[in-house]
>>> print(open('final-v4.pdb').read())   # PDB, C-alpha atoms
ATOM      1  CA  MET A   1      49.039  16.253   8.013
ATOM      2  CA  SER A   2      47.906  12.658   8.323
ATOM      3  CA  LEU A   3      45.407  10.623   6.402
ATOM      4  CA  ALA A   4      42.654   8.566   7.983
ATOM      5  CA  GLU A   5      40.855   5.604   6.554
ATOM      6  CA  ILE A   6      37.119   6.327   6.289
ATOM      7  CA  PRO A   7      34.874   3.322   5.692
ATOM      8  CA  LEU A   8      32.261   3.682   2.982
ATOM      9  CA  ILE A   9      28.959   1.851   2.917
ATOM     10  CA  ARG A  10      27.602   1.477  -0.585
ATOM     11  CA  LEU A  11      23.882   2.235  -0.601
ATOM     12  CA  ARG A  12      23.431   2.993  -4.291
ATOM     13  CA  SER A  13      21.245  -0.098  -4.744
ATOM     14  CA  LEU A  14      18.725   1.392  -2.305
ATOM     15  CA  LEU A  15      18.494   4.611  -4.293
ATOM     16  CA  ASP A  16      16.316   3.745  -7.255
ATOM     17  CA  ALA A  17      16.325   5.873 -10.366
ATOM     18  CA  SER A  18      12.932   7.343  -9.394
ATOM     19  CA  LEU A  19      14.278   8.397  -5.996
ATOM     20  CA  LEU A  20      17.279  10.045  -7.646
ATOM     21  CA  ALA A  21      15.279  11.652 -10.449
ATOM     22  CA  ASN A  22      12.538  13.111  -8.246
ATOM     23  CA  ALA A  23      14.767  14.648  -5.576
ATOM     24  CA  ARG A  24      15.219  18.410  -5.767
ATOM     25  CA  GLY A  25      18.752  18.736  -4.484
ATOM     26  CA  PHE A  26      21.117  16.790  -2.273
ATOM     27  CA  GLY A  27      19.303  17.634   0.976
ATOM     28  CA  GLU A  28      15.989  16.255  -0.265
ATOM     29  CA  LEU A  29      17.702  13.165  -1.653
ATOM     30  CA  MET A  30      19.292  12.480   1.746
ATOM     31  CA  ALA A  31      15.994  13.036   3.567
ATOM     32  CA  ARG A  32      14.159  10.643   1.241
ATOM     33  CA  ALA A  33      16.911   8.021   1.462
ATOM     34  CA  GLN A  34      16.844   8.254   5.282
ATOM     35  CA  ALA A  35      13.066   7.749   5.291
ATOM     36  CA  PHE A  36      13.463   4.503   3.355
ATOM     37  CA  LEU A  37      16.293   3.249   5.544
ATOM     38  CA  GLY A  38      14.135   3.610   8.654
ATOM     39  CA  GLN A  39      10.994   1.727   9.612
ATOM     40  CA  PRO A  40       8.337   1.803   6.888
ATOM     41  CA  GLU A  41       5.253   3.829   7.763
ATOM     42  CA  LEU A  42       2.009   3.836   5.807
ATOM     43  CA  GLU A  43      -0.334   6.764   6.304
ATOM     44  CA  LEU A  44      -3.860   6.988   4.906
ATOM     45  CA  ASP A  45      -5.463  10.414   5.294
ATOM     46  CA  LEU A  46      -9.209   9.949   4.936
ATOM     47  CA  GLU A  47     -10.094  13.637   4.869
ATOM     48  CA  ARG A  48      -7.597  14.493   2.125
ATOM     49  CA  GLY A  49      -7.900  11.146   0.336
ATOM     50  CA  GLN A  50      -4.113  10.735   0.345
ATOM     51  CA  VAL A  51      -1.768   7.793   0.770
ATOM     52  CA  ARG A  52       1.808   8.316   1.973
ATOM     53  CA  ALA A  53       4.586   5.764   2.368
ATOM     54  CA  SER A  54       7.489   6.971   4.518
ATOM     55  CA  GLY A  55       6.300  10.520   3.866
ATOM     56  CA  THR A  56       6.152  10.146   0.067
ATOM     57  CA  GLU A  57       2.740  10.579  -1.515
ATOM     58  CA  VAL A  58       1.602   7.549  -3.484
ATOM     59  CA  PRO A  59      -0.881   8.576  -6.194
ATOM     60  CA  LEU A  60      -3.613   5.972  -6.543
ATOM     61  CA  PRO A  61      -6.940   5.889  -8.370
ATOM     62  CA  ALA A  62     -10.046   5.865  -6.170
ATOM     63  CA  ALA A  63     -10.492   2.073  -6.226
ATOM     64  CA  GLY A  64      -6.830   1.515  -5.373
ATOM     65  CA  LYS A  65      -7.040   3.833  -2.356
ATOM     66  CA  ALA A  66     -10.161   2.032  -1.152
ATOM     67  CA  PHE A  67      -8.554  -1.388  -1.568
ATOM     68  CA  LEU A  68      -5.447  -0.287   0.340
ATOM     69  CA  LEU A  69      -7.574   1.226   3.118
ATOM     70  CA  MET A  70      -9.561  -2.012   3.382
ATOM     71  CA  LEU A  71      -6.341  -4.043   3.732
ATOM     72  CA  ALA A  72      -4.854  -1.546   6.197
ATOM     73  CA  ARG A  73      -7.946  -1.762   8.396
ATOM     74  CA  ARG A  74      -7.780  -5.552   8.307
ATOM     75  CA  LEU A  75      -4.079  -5.436   9.239
ATOM     76  CA  VAL A  76      -4.733  -3.113  12.181
ATOM     77  CA  ALA A  77      -7.598  -5.364  13.325
ATOM     78  CA  GLU A  78      -5.285  -8.386  12.835
ATOM     79  CA  ARG A  79      -7.654 -10.018  10.356
ATOM     80  CA  GLU A  80      -6.289 -12.028   7.454
ATOM     81  CA  THR A  81      -7.426 -11.307   3.918
ATOM     82  CA  HIS A  82      -8.059 -14.186   1.544
ATOM     83  CA  CYS A  83      -8.442 -13.625  -2.168
ATOM     84  CA  PRO A  84     -11.879 -14.875  -3.250
ATOM     85  CA  MET A  85     -11.740 -18.299  -4.858
ATOM     86  CA  GLU A  86     -12.429 -18.587  -8.583
ATOM     87  CA  GLY A  87     -16.192 -18.508  -9.152
ATOM     88  CA  VAL A  88     -16.996 -17.722  -5.495
ATOM     89  CA  PRO A  89     -17.335 -13.939  -5.025
ATOM     90  CA  ASP A  90     -17.000 -12.660  -1.452
ATOM     91  CA  ALA A  91     -19.932 -10.417  -0.440
ATOM     92  CA  ALA A  92     -18.381  -9.386   2.900
ATOM     93  CA  LEU A  93     -15.166  -8.254   1.192
ATOM     94  CA  ALA A  94     -17.204  -6.237  -1.322
ATOM     95  CA  ARG A  95     -19.071  -4.490   1.539
ATOM     96  CA  GLU A  96     -15.799  -3.655   3.315
ATOM     97  CA  PHE A  97     -14.322  -2.350   0.076
ATOM     98  CA  LEU A  98     -17.347  -0.132  -0.649
ATOM     99  CA  GLN A  99     -17.247   1.228   2.928
ATOM    100  CA  ALA A 100     -13.534   2.002   2.529
ATOM    101  CA  TYR A 101     -14.312   3.650  -0.817
ATOM    102  CA  ALA A 102     -16.882   5.918   0.826
ATOM    103  CA  ASP A 103     -14.478   6.766   3.666
ATOM    104  CA  ILE A 104     -11.416   7.777   1.607
ATOM    105  CA  ASN A 105     -12.886   9.138  -1.629
ATOM    106  CA  ALA A 106     -15.003  12.264  -1.888
ATOM    107  CA  GLU A 107     -17.119  10.863  -4.738
ATOM    108  CA  PRO A 108     -19.295   7.741  -4.648
ATOM    109  CA  PRO A 109     -18.032   4.628  -6.463
ATOM    110  CA  ALA A 110     -18.468   4.683 -10.221
ATOM    111  CA  GLU A 111     -21.453   2.791 -11.564
ATOM    112  CA  GLN A 112     -19.040   0.332 -13.178
ATOM    113  CA  THR A 113     -17.480  -0.413  -9.747
ATOM    114  CA  GLN A 114     -20.861  -0.912  -8.114
ATOM    115  CA  ARG A 115     -21.905  -3.269 -10.924
ATOM    116  CA  ALA A 116     -18.664  -5.246 -10.660
ATOM    117  CA  LEU A 117     -19.215  -5.783  -6.929
ATOM    118  CA  LYS A 118     -22.963  -6.407  -6.991
ATOM    119  CA  GLY A 119     -22.585 -10.153  -6.420
ATOM    120  CA  GLY A 120     -19.501  -9.768  -4.211
ATOM    121  CA  MET A 121     -15.810  -9.233  -4.898
ATOM    122  CA  ASP A 122     -14.490 -11.850  -7.295
ATOM    123  CA  LYS A 123     -10.927 -13.096  -7.709
ATOM    124  CA  ASN A 124     -10.305 -11.049 -10.862
ATOM    125  CA  TYR A 125     -11.407  -7.761  -9.241
ATOM    126  CA  PHE A 126      -9.296  -8.511  -6.141
ATOM    127  CA  GLU A 127      -6.174  -9.315  -8.202
ATOM    128  CA  ARG A 128      -6.580  -6.192 -10.380
ATOM    129  CA  ARG A 129      -6.778  -3.929  -7.319
ATOM    130  CA  LYS A 130      -3.777  -5.671  -5.731
ATOM    131  CA  HIS A 131      -1.738  -5.160  -8.909
ATOM    132  CA  GLU A 132      -2.855  -1.514  -9.119
ATOM    133  CA  VAL A 133      -1.709  -0.792  -5.541
ATOM    134  CA  ASN A 134       1.621  -2.605  -5.891
ATOM    135  CA  SER A 135       2.348  -0.828  -9.182
ATOM    136  CA  ALA A 136       1.623   2.552  -7.581
ATOM    137  CA  PHE A 137       4.078   1.816  -4.757
ATOM    138  CA  ARG A 138       6.786   0.817  -7.267
ATOM    139  CA  LYS A 139       6.201   3.927  -9.363
ATOM    140  CA  ALA A 140       6.208   6.339  -6.406
ATOM    141  CA  LEU A 141       9.012   4.755  -4.368
ATOM    142  CA  GLY A 142      11.051   2.693  -6.788
ATOM    143  CA  PRO A 143      11.235  -1.107  -6.853
ATOM    144  CA  GLY A 144      13.557  -1.527  -3.846
ATOM    145  CA  PRO A 145      11.797   0.637  -1.254
ATOM    146  CA  ALA A 146       8.351  -0.433  -2.538
ATOM    147  CA  LYS A 147       8.915  -3.992  -1.314
ATOM    148  CA  ALA A 148       8.297  -2.781   2.259
ATOM    149  CA  TYR A 149       4.707  -1.857   1.254
ATOM    150  CA  GLU A 150       3.680  -4.233  -1.516
ATOM    151  CA  ILE A 151       0.764  -6.559  -0.881
ATOM    152  CA  GLY A 152       2.232 -10.023  -0.657
ATOM    153  CA  ARG A 153       0.889 -13.541  -0.712
ATOM    154  CA  ARG A 154       1.533 -16.259   1.853
ATOM    155  CA  HIS A 155       0.084 -19.705   2.340
ATOM    156  CA  ASP A 156      -2.210 -20.196   5.344
ATOM    157  CA  ALA A 157      -1.697 -23.795   6.454
ATOM    158  CA  GLY A 158      -4.872 -23.712   8.561
ATOM    159  CA  SER A 159      -7.252 -22.956   5.701
ATOM    160  CA  GLY A 160      -5.085 -24.162   2.823
ATOM    161  CA  ARG A 161      -5.690 -20.808   1.109
ATOM    162  CA  TYR A 162      -3.417 -17.873   0.376
ATOM    163  CA  CYS A 163      -3.530 -14.716   2.472
ATOM    164  CA  HIS A 164      -2.873 -11.370   0.807
ATOM    165  CA  ASP A 165      -1.422  -8.985   3.347
ATOM    166  CA  LEU A 166       0.528  -5.795   3.696
ATOM    167  CA  PRO A 167       4.050  -6.587   4.959
ATOM    168  CA  LEU A 168       3.711  -4.117   7.830
ATOM    169  CA  LYS A 169       2.970  -4.331  11.528
ATOM    170  CA  PRO A 170      -0.225  -2.688  12.815
ATOM    171  CA  GLU A 171       1.809   0.037  14.550
ATOM    172  CA  GLN A 172       3.365   1.012  11.189
ATOM    173  CA  VAL A 173      -0.054   2.006   9.806
ATOM    174  CA  ARG A 174      -1.738   5.326  10.574
ATOM    175  CA  ILE A 175      -5.277   6.013   9.446
ATOM    176  CA  ILE A 176      -5.900   9.723   9.924
ATOM    177  CA  ASP A 177      -9.466  10.853  10.697
ATOM    178  CA  GLU A 178     -10.675   7.287  11.302
ATOM    179  CA  GLY A 179     -14.061   7.483  13.011
ATOM    180  CA  ARG A 180     -14.653  11.136  12.083
TER     181      ARG A 180
END
>>> encode(input="final-v4.pdb", output="structure tokens")
Amino acid sequence: MSLAEIPLIRLRSLLDASLLANARGFGELMARAQAFLGQPELELDLERGQVRASGTEVPLPAAGKAFLLMLARRLVAERETHCPMEGVPDAALAREFLQAYADINAEPPAEQTQRALKGGMDKNYFERRKHEVNSAFRKALGPGPAKAYEIGRRHDAGSGRYCHDLPLKPEQVRIIDEGR
């Protein structure tokens, strides 16, 4: 009998507590870990109103799903998203958001949402939705894997403003039932 040296790669830091706690058995844990080690993939199913990141469902309230869908559509169309400036609501962004809301949610927007967007989407509303989406990714995936999906902020030298984008490539986003 002879012994062989087997190298070990430590991946514990990739396996957040939520990933470990939610797995039902070793096989599922390995499948979920493999999904996060591969290329991130965001899937928005309009008919079912579901959001999945690397195959894991990400529960989001209606407004959060609509905001994510709006950003995903802008990413696929290669359009940057700027947060509205303080005191200058963005009417076009509000229209896109409300269209996304109608497309992914079975119910119409709550009266409170319609009122909040009547004059356009303001900075506060934008930032709240961004926080809501990022928090949902962290809760569903754990802090490490969520970074591949969290809406980030980068400075646009051309406009001098900050862009708020998903950190994905257009080919990593699937919108199911788009144009139904």
>>> residues_around(input="final-v4.pdb", residues="A:Leu168", least_positions_apart="5", cutoff="9 Å", atoms="all atoms listed in the file", output="JSON, numbers by chain")
{"A": [40, 41, 42, 75, 148, 149, 173]}
>>> write_last_selection(input="final-v4.pdb", atoms="C-alpha atoms", output="mmCIF file, in the frame of the given file")
data_model
loop_
_atom_site.group_PDB
_atom_site.id
_atom_site.type_symbol
_atom_site.label_atom_id
_atom_site.label_comp_id
_atom_site.auth_asym_id
_atom_site.auth_seq_id
_atom_site.Cartn_x
_atom_site.Cartn_y
_atom_site.Cartn_z
ATOM 1 C CA PRO A 40 8.337 1.803 6.888
ATOM 2 C CA GLU A 41 5.253 3.829 7.763
ATOM 3 C CA LEU A 42 2.009 3.836 5.807
ATOM 4 C CA LEU A 75 -4.079 -5.436 9.239
ATOM 5 C CA ALA A 148 8.297 -2.781 2.259
ATOM 6 C CA TYR A 149 4.707 -1.857 1.254
ATOM 7 C CA VAL A 173 -0.054 2.006 9.806
#
>>> atom_distance(input="final-v4.pdb", atom1="atom CA of A:His82", atom2="atom CA of A:Phe97")
13.5 Å
>>> closest_residue(input="final-v4.pdb", among="A:Pro7, A:Gly27, A:Met1, A:Pro61", to="A:Glu107", atoms="all atoms listed in the file")
A:Pro61
>>> resolve_selection(input="final-v4.pdb", expression="the PyMOL selection byres ((chain A and resi 124-134) around 8)", output="list in words")
Leu60, Ala63, Gly64, Lys65, Phe67, Leu68, Cys83, Pro84, Ala116, Met121, Asp122, Lys123, Ser135, Ala136, Phe137, Arg138, Ala146, Tyr149, Glu150 and Ile151 of chain A
>>> atom_distance(input="final-v4.pdb", atom1="atom CA of A:Gly38", atom2="atom CA of A:His155")
27.9 Å
>>> closest_residue(input="final-v4.pdb", among="A:Ala100, A:Ala66, A:Ala157, A:Leu46", to="A:Asp177", atoms="all atoms listed in the file")
A:Leu46
>>> resolve_selection(input="final-v4.pdb", expression="the PyMOL selection byres ((chain A and resi 74) around 12)", output="list in words")
Phe67, Leu68, Leu69, Met70, Leu71, Ala72, Arg73, Leu75, Val76, Ala77, Glu78, Arg79, Glu80, Thr81, His82, Leu93, Glu96, Phe97, Ala100, Cys163, His164, Asp165, Leu166, Leu168, Lys169, Pro170, Val173 and Ile175 of chain A
>>> atom_distance(input="final-v4.pdb", atom1="atom CA of A:Gly142", atom2="atom CA of A:Arg48")
23.8 Å
>>> resolve_selection(input="final-v4.pdb", expression="the PyMOL selection byres ((chain A and resi 45) around 9)", output="list of chain:residue names")
A:Glu43, A:Leu44, A:Leu46, A:Glu47, A:Arg48, A:Gly49, A:Gln50, A:Val51, A:Arg52, A:Ile104, A:Arg174, A:Ile175, A:Ile176, A:Asp177, A:Glu178
>>> write_last_selection(input="final-v4.pdb", atoms="C-alpha atoms", output="short mmCIF file (atom, residue, chain, number, x, y, z; two decimals), in the coordinates of the input")
data_model
loop_
_atom_site.label_atom_id
_atom_site.label_comp_id
_atom_site.auth_asym_id
_atom_site.auth_seq_id
_atom_site.Cartn_x
_atom_site.Cartn_y
_atom_site.Cartn_z
CA GLU A 43 -0.33 6.76 6.30
CA LEU A 44 -3.86 6.99 4.91
CA LEU A 46 -9.21 9.95 4.94
CA GLU A 47 -10.09 13.64 4.87
CA ARG A 48 -7.60 14.49 2.12
CA GLY A 49 -7.90 11.15 0.34
CA GLN A 50 -4.11 10.74 0.34
CA VAL A 51 -1.77 7.79 0.77
CA ARG A 52 1.81 8.32 1.97
CA ILE A 104 -11.42 7.78 1.61
CA ARG A 174 -1.74 5.33 10.57
CA ILE A 175 -5.28 6.01 9.45
CA ILE A 176 -5.90 9.72 9.92
CA ASP A 177 -9.47 10.85 10.70
CA GLU A 178 -10.68 7.29 11.30
#
>>> closest_residue(input="final-v4.pdb", among="A:Ala140, A:Leu98, A:Val58, A:Met85", to="A:Thr113", atoms="all atoms listed in the file")
A:Leu98
>>> closest_residue(input="final-v4.pdb", among="A:Glu57, A:Glu171, A:Gly25, A:Gln114", to="A:Gln99", atoms="all atoms listed in the file")
A:Gln114
>>> closest_residue(input="final-v4.pdb", among="A:Leu3, A:Val88, A:Ala53, A:Ala62", to="A:Ala110", atoms="all atoms listed in the file")
A:Ala62
>>> decode(input="final-v4.pdb", residues="stretch 70-116 of chain A", atoms="N, CA and C atoms", output="PDB file, in the first residue's frame")
ATOM      1  N   MET A  70     -36.484  46.110 -14.796  1.00  0.00           N
ATOM      2  CA  MET A  70     -36.149  47.348 -15.509  1.00  0.00           C
ATOM      3  C   MET A  70     -34.637  47.425 -15.750  1.00  0.00           C
ATOM      4  N   LEU A  71     -33.839  47.142 -14.713  1.00  0.00           N
ATOM      5  CA  LEU A  71     -32.384  47.198 -14.861  1.00  0.00           C
ATOM      6  C   LEU A  71     -31.874  46.102 -15.797  1.00  0.00           C
ATOM      7  N   ALA A  72     -32.480  44.919 -15.725  1.00  0.00           N
ATOM      8  CA  ALA A  72     -32.064  43.825 -16.607  1.00  0.00           C
ATOM      9  C   ALA A  72     -32.338  44.179 -18.066  1.00  0.00           C
ATOM     10  N   ARG A  73     -33.485  44.759 -18.335  1.00  0.00           N
ATOM     11  CA  ARG A  73     -33.801  45.180 -19.704  1.00  0.00           C
ATOM     12  C   ARG A  73     -32.810  46.236 -20.187  1.00  0.00           C
ATOM     13  N   ARG A  74     -32.456  47.157 -19.330  1.00  0.00           N
ATOM     14  CA  ARG A  74     -31.502  48.200 -19.709  1.00  0.00           C
ATOM     15  C   ARG A  74     -30.123  47.583 -19.962  1.00  0.00           C
ATOM     16  N   LEU A  75     -29.739  46.598 -19.171  1.00  0.00           N
ATOM     17  CA  LEU A  75     -28.461  45.914 -19.372  1.00  0.00           C
ATOM     18  C   LEU A  75     -28.437  45.207 -20.725  1.00  0.00           C
ATOM     19  N   VAL A  76     -29.497  44.461 -21.014  1.00  0.00           N
ATOM     20  CA  VAL A  76     -29.587  43.729 -22.276  1.00  0.00           C
ATOM     21  C   VAL A  76     -29.562  44.695 -23.468  1.00  0.00           C
ATOM     22  N   ALA A  77     -30.205  45.845 -23.320  1.00  0.00           N
ATOM     23  CA  ALA A  77     -30.231  46.851 -24.379  1.00  0.00           C
ATOM     24  C   ALA A  77     -28.964  47.728 -24.371  1.00  0.00           C
ATOM     25  N   GLU A  78     -28.061  47.439 -23.427  1.00  0.00           N
ATOM     26  CA  GLU A  78     -26.806  48.180 -23.273  1.00  0.00           C
ATOM     27  C   GLU A  78     -27.042  49.675 -23.052  1.00  0.00           C
ATOM     28  N   ARG A  79     -28.005  49.949 -22.163  1.00  0.00           N
ATOM     29  CA  ARG A  79     -28.316  51.323 -21.770  1.00  0.00           C
ATOM     30  C   ARG A  79     -27.915  51.516 -20.316  1.00  0.00           C
ATOM     31  N   GLU A  80     -27.211  52.576 -20.033  1.00  0.00           N
ATOM     32  CA  GLU A  80     -26.808  52.864 -18.659  1.00  0.00           C
ATOM     33  C   GLU A  80     -27.996  53.376 -17.858  1.00  0.00           C
ATOM     34  N   THR A  81     -27.925  53.179 -16.559  1.00  0.00           N
ATOM     35  CA  THR A  81     -28.981  53.659 -15.666  1.00  0.00           C
ATOM     36  C   THR A  81     -28.367  54.632 -14.674  1.00  0.00           C
ATOM     37  N   HIS A  82     -28.850  55.851 -14.689  1.00  0.00           N
ATOM     38  CA  HIS A  82     -28.394  56.864 -13.740  1.00  0.00           C
ATOM     39  C   HIS A  82     -29.465  57.039 -12.672  1.00  0.00           C
ATOM     40  N   CYS A  83     -29.018  57.105 -11.433  1.00  0.00           N
ATOM     41  CA  CYS A  83     -29.931  57.424 -10.341  1.00  0.00           C
ATOM     42  C   CYS A  83     -30.387  58.867 -10.532  1.00  0.00           C
ATOM     43  N   PRO A  84     -31.689  59.135 -10.367  1.00  0.00           N
ATOM     44  CA  PRO A  84     -32.149  60.524 -10.492  1.00  0.00           C
ATOM     45  C   PRO A  84     -31.398  61.425  -9.511  1.00  0.00           C
ATOM     46  N   MET A  85     -31.127  62.637  -9.939  1.00  0.00           N
ATOM     47  CA  MET A  85     -30.457  63.592  -9.057  1.00  0.00           C
ATOM     48  C   MET A  85     -31.452  64.090  -8.017  1.00  0.00           C
ATOM     49  N   GLU A  86     -30.924  64.488  -6.876  1.00  0.00           N
ATOM     50  CA  GLU A  86     -31.744  65.011  -5.777  1.00  0.00           C
ATOM     51  C   GLU A  86     -32.612  66.160  -6.282  1.00  0.00           C
ATOM     52  N   GLY A  87     -33.925  66.039  -6.090  1.00  0.00           N
ATOM     53  CA  GLY A  87     -34.857  67.091  -6.470  1.00  0.00           C
ATOM     54  C   GLY A  87     -35.231  67.113  -7.942  1.00  0.00           C
ATOM     55  N   VAL A  88     -34.734  66.128  -8.715  1.00  0.00           N
ATOM     56  CA  VAL A  88     -35.034  66.082 -10.156  1.00  0.00           C
ATOM     57  C   VAL A  88     -35.545  64.680 -10.512  1.00  0.00           C
ATOM     58  N   PRO A  89     -36.825  64.399 -10.258  1.00  0.00           N
ATOM     59  CA  PRO A  89     -37.371  63.078 -10.567  1.00  0.00           C
ATOM     60  C   PRO A  89     -37.278  62.784 -12.069  1.00  0.00           C
ATOM     61  N   ASP A  90     -37.126  61.516 -12.398  1.00  0.00           N
ATOM     62  CA  ASP A  90     -36.968  61.075 -13.783  1.00  0.00           C
ATOM     63  C   ASP A  90     -38.267  60.408 -14.250  1.00  0.00           C
ATOM     64  N   ALA A  91     -39.006  61.102 -15.131  1.00  0.00           N
ATOM     65  CA  ALA A  91     -40.296  60.599 -15.614  1.00  0.00           C
ATOM     66  C   ALA A  91     -40.120  59.365 -16.496  1.00  0.00           C
ATOM     67  N   ALA A  92     -39.085  59.337 -17.325  1.00  0.00           N
ATOM     68  CA  ALA A  92     -38.862  58.195 -18.220  1.00  0.00           C
ATOM     69  C   ALA A  92     -38.561  56.934 -17.416  1.00  0.00           C
ATOM     70  N   LEU A  93     -37.763  57.062 -16.367  1.00  0.00           N
ATOM     71  CA  LEU A  93     -37.438  55.921 -15.512  1.00  0.00           C
ATOM     72  C   LEU A  93     -38.697  55.409 -14.809  1.00  0.00           C
ATOM     73  N   ALA A  94     -39.554  56.314 -14.373  1.00  0.00           N
ATOM     74  CA  ALA A  94     -40.809  55.921 -13.730  1.00  0.00           C
ATOM     75  C   ALA A  94     -41.692  55.142 -14.703  1.00  0.00           C
ATOM     76  N   ARG A  95     -41.765  55.586 -15.963  1.00  0.00           N
ATOM     77  CA  ARG A  95     -42.566  54.874 -16.976  1.00  0.00           C
ATOM     78  C   ARG A  95     -42.015  53.471 -17.221  1.00  0.00           C
ATOM     79  N   GLU A  96     -40.685  53.362 -17.342  1.00  0.00           N
ATOM     80  CA  GLU A  96     -40.066  52.049 -17.550  1.00  0.00           C
ATOM     81  C   GLU A  96     -40.338  51.127 -16.364  1.00  0.00           C
ATOM     82  N   PHE A  97     -40.226  51.680 -15.171  1.00  0.00           N
ATOM     83  CA  PHE A  97     -40.471  50.901 -13.960  1.00  0.00           C
ATOM     84  C   PHE A  97     -41.911  50.389 -13.930  1.00  0.00           C
ATOM     85  N   LEU A  98     -42.869  51.263 -14.208  1.00  0.00           N
ATOM     86  CA  LEU A  98     -44.285  50.875 -14.182  1.00  0.00           C
ATOM     87  C   LEU A  98     -44.588  49.838 -15.269  1.00  0.00           C
ATOM     88  N   GLN A  99     -43.932  49.937 -16.428  1.00  0.00           N
ATOM     89  CA  GLN A  99     -44.111  48.931 -17.475  1.00  0.00           C
ATOM     90  C   GLN A  99     -43.543  47.594 -17.010  1.00  0.00           C
ATOM     91  N   ALA A 100     -42.372  47.618 -16.387  1.00  0.00           N
ATOM     92  CA  ALA A 100     -41.770  46.395 -15.854  1.00  0.00           C
ATOM     93  C   ALA A 100     -42.660  45.792 -14.771  1.00  0.00           C
ATOM     94  N   TYR A 101     -43.246  46.655 -13.953  1.00  0.00           N
ATOM     95  CA  TYR A 101     -44.153  46.201 -12.887  1.00  0.00           C
ATOM     96  C   TYR A 101     -45.335  45.445 -13.498  1.00  0.00           C
ATOM     97  N   ALA A 102     -45.915  46.012 -14.530  1.00  0.00           N
ATOM     98  CA  ALA A 102     -47.058  45.373 -15.194  1.00  0.00           C
ATOM     99  C   ALA A 102     -46.649  44.056 -15.842  1.00  0.00           C
ATOM    100  N   ASP A 103     -45.426  43.972 -16.347  1.00  0.00           N
ATOM    101  CA  ASP A 103     -44.979  42.771 -17.056  1.00  0.00           C
ATOM    102  C   ASP A 103     -44.645  41.600 -16.139  1.00  0.00           C
ATOM    103  N   ILE A 104     -44.139  41.863 -14.928  1.00  0.00           N
ATOM    104  CA  ILE A 104     -43.690  40.754 -14.071  1.00  0.00           C
ATOM    105  C   ILE A 104     -44.623  40.458 -12.901  1.00  0.00           C
ATOM    106  N   ASN A 105     -45.514  41.357 -12.584  1.00  0.00           N
ATOM    107  CA  ASN A 105     -46.418  41.141 -11.447  1.00  0.00           C
ATOM    108  C   ASN A 105     -47.847  40.967 -11.954  1.00  0.00           C
ATOM    109  N   ALA A 106     -48.556  40.051 -11.363  1.00  0.00           N
ATOM    110  CA  ALA A 106     -49.937  39.786 -11.777  1.00  0.00           C
ATOM    111  C   ALA A 106     -50.873  40.932 -11.398  1.00  0.00           C
ATOM    112  N   GLU A 107     -50.587  41.610 -10.304  1.00  0.00           N
ATOM    113  CA  GLU A 107     -51.475  42.687  -9.833  1.00  0.00           C
ATOM    114  C   GLU A 107     -50.938  44.043 -10.267  1.00  0.00           C
ATOM    115  N   PRO A 108     -51.809  45.029 -10.393  1.00  0.00           N
ATOM    116  CA  PRO A 108     -51.339  46.380 -10.748  1.00  0.00           C
ATOM    117  C   PRO A 108     -50.578  46.988  -9.562  1.00  0.00           C
ATOM    118  N   PRO A 109     -49.756  48.005  -9.831  1.00  0.00           N
ATOM    119  CA  PRO A 109     -49.004  48.635  -8.738  1.00  0.00           C
ATOM    120  C   PRO A 109     -49.947  49.183  -7.670  1.00  0.00           C
ATOM    121  N   ALA A 110     -49.517  49.105  -6.436  1.00  0.00           N
ATOM    122  CA  ALA A 110     -50.302  49.647  -5.331  1.00  0.00           C
ATOM    123  C   ALA A 110     -50.486  51.145  -5.538  1.00  0.00           C
ATOM    124  N   GLU A 111     -51.565  51.656  -4.994  1.00  0.00           N
ATOM    125  CA  GLU A 111     -51.861  53.085  -5.112  1.00  0.00           C
ATOM    126  C   GLU A 111     -50.700  53.918  -4.575  1.00  0.00           C
ATOM    127  N   GLN A 112     -50.092  53.445  -3.500  1.00  0.00           N
ATOM    128  CA  GLN A 112     -48.960  54.146  -2.890  1.00  0.00           C
ATOM    129  C   GLN A 112     -47.794  54.239  -3.892  1.00  0.00           C
ATOM    130  N   THR A 113     -47.545  53.166  -4.645  1.00  0.00           N
ATOM    131  CA  THR A 113     -46.470  53.166  -5.647  1.00  0.00           C
ATOM    132  C   THR A 113     -46.784  54.139  -6.766  1.00  0.00           C
ATOM    133  N   GLN A 114     -48.014  54.111  -7.239  1.00  0.00           N
ATOM    134  CA  GLN A 114     -48.408  55.030  -8.315  1.00  0.00           C
ATOM    135  C   GLN A 114     -48.273  56.490  -7.872  1.00  0.00           C
ATOM    136  N   ARG A 115     -48.664  56.759  -6.628  1.00  0.00           N
ATOM    137  CA  ARG A 115     -48.550  58.125  -6.092  1.00  0.00           C
ATOM    138  C   ARG A 115     -47.081  58.548  -6.002  1.00  0.00           C
ATOM    139  N   ALA A 116     -46.241  57.627  -5.532  1.00  0.00           N
ATOM    140  CA  ALA A 116     -44.820  57.940  -5.355  1.00  0.00           C
ATOM    141  C   ALA A 116     -44.135  58.257  -6.678  1.00  0.00           C
TER     142      ALA A 116
END
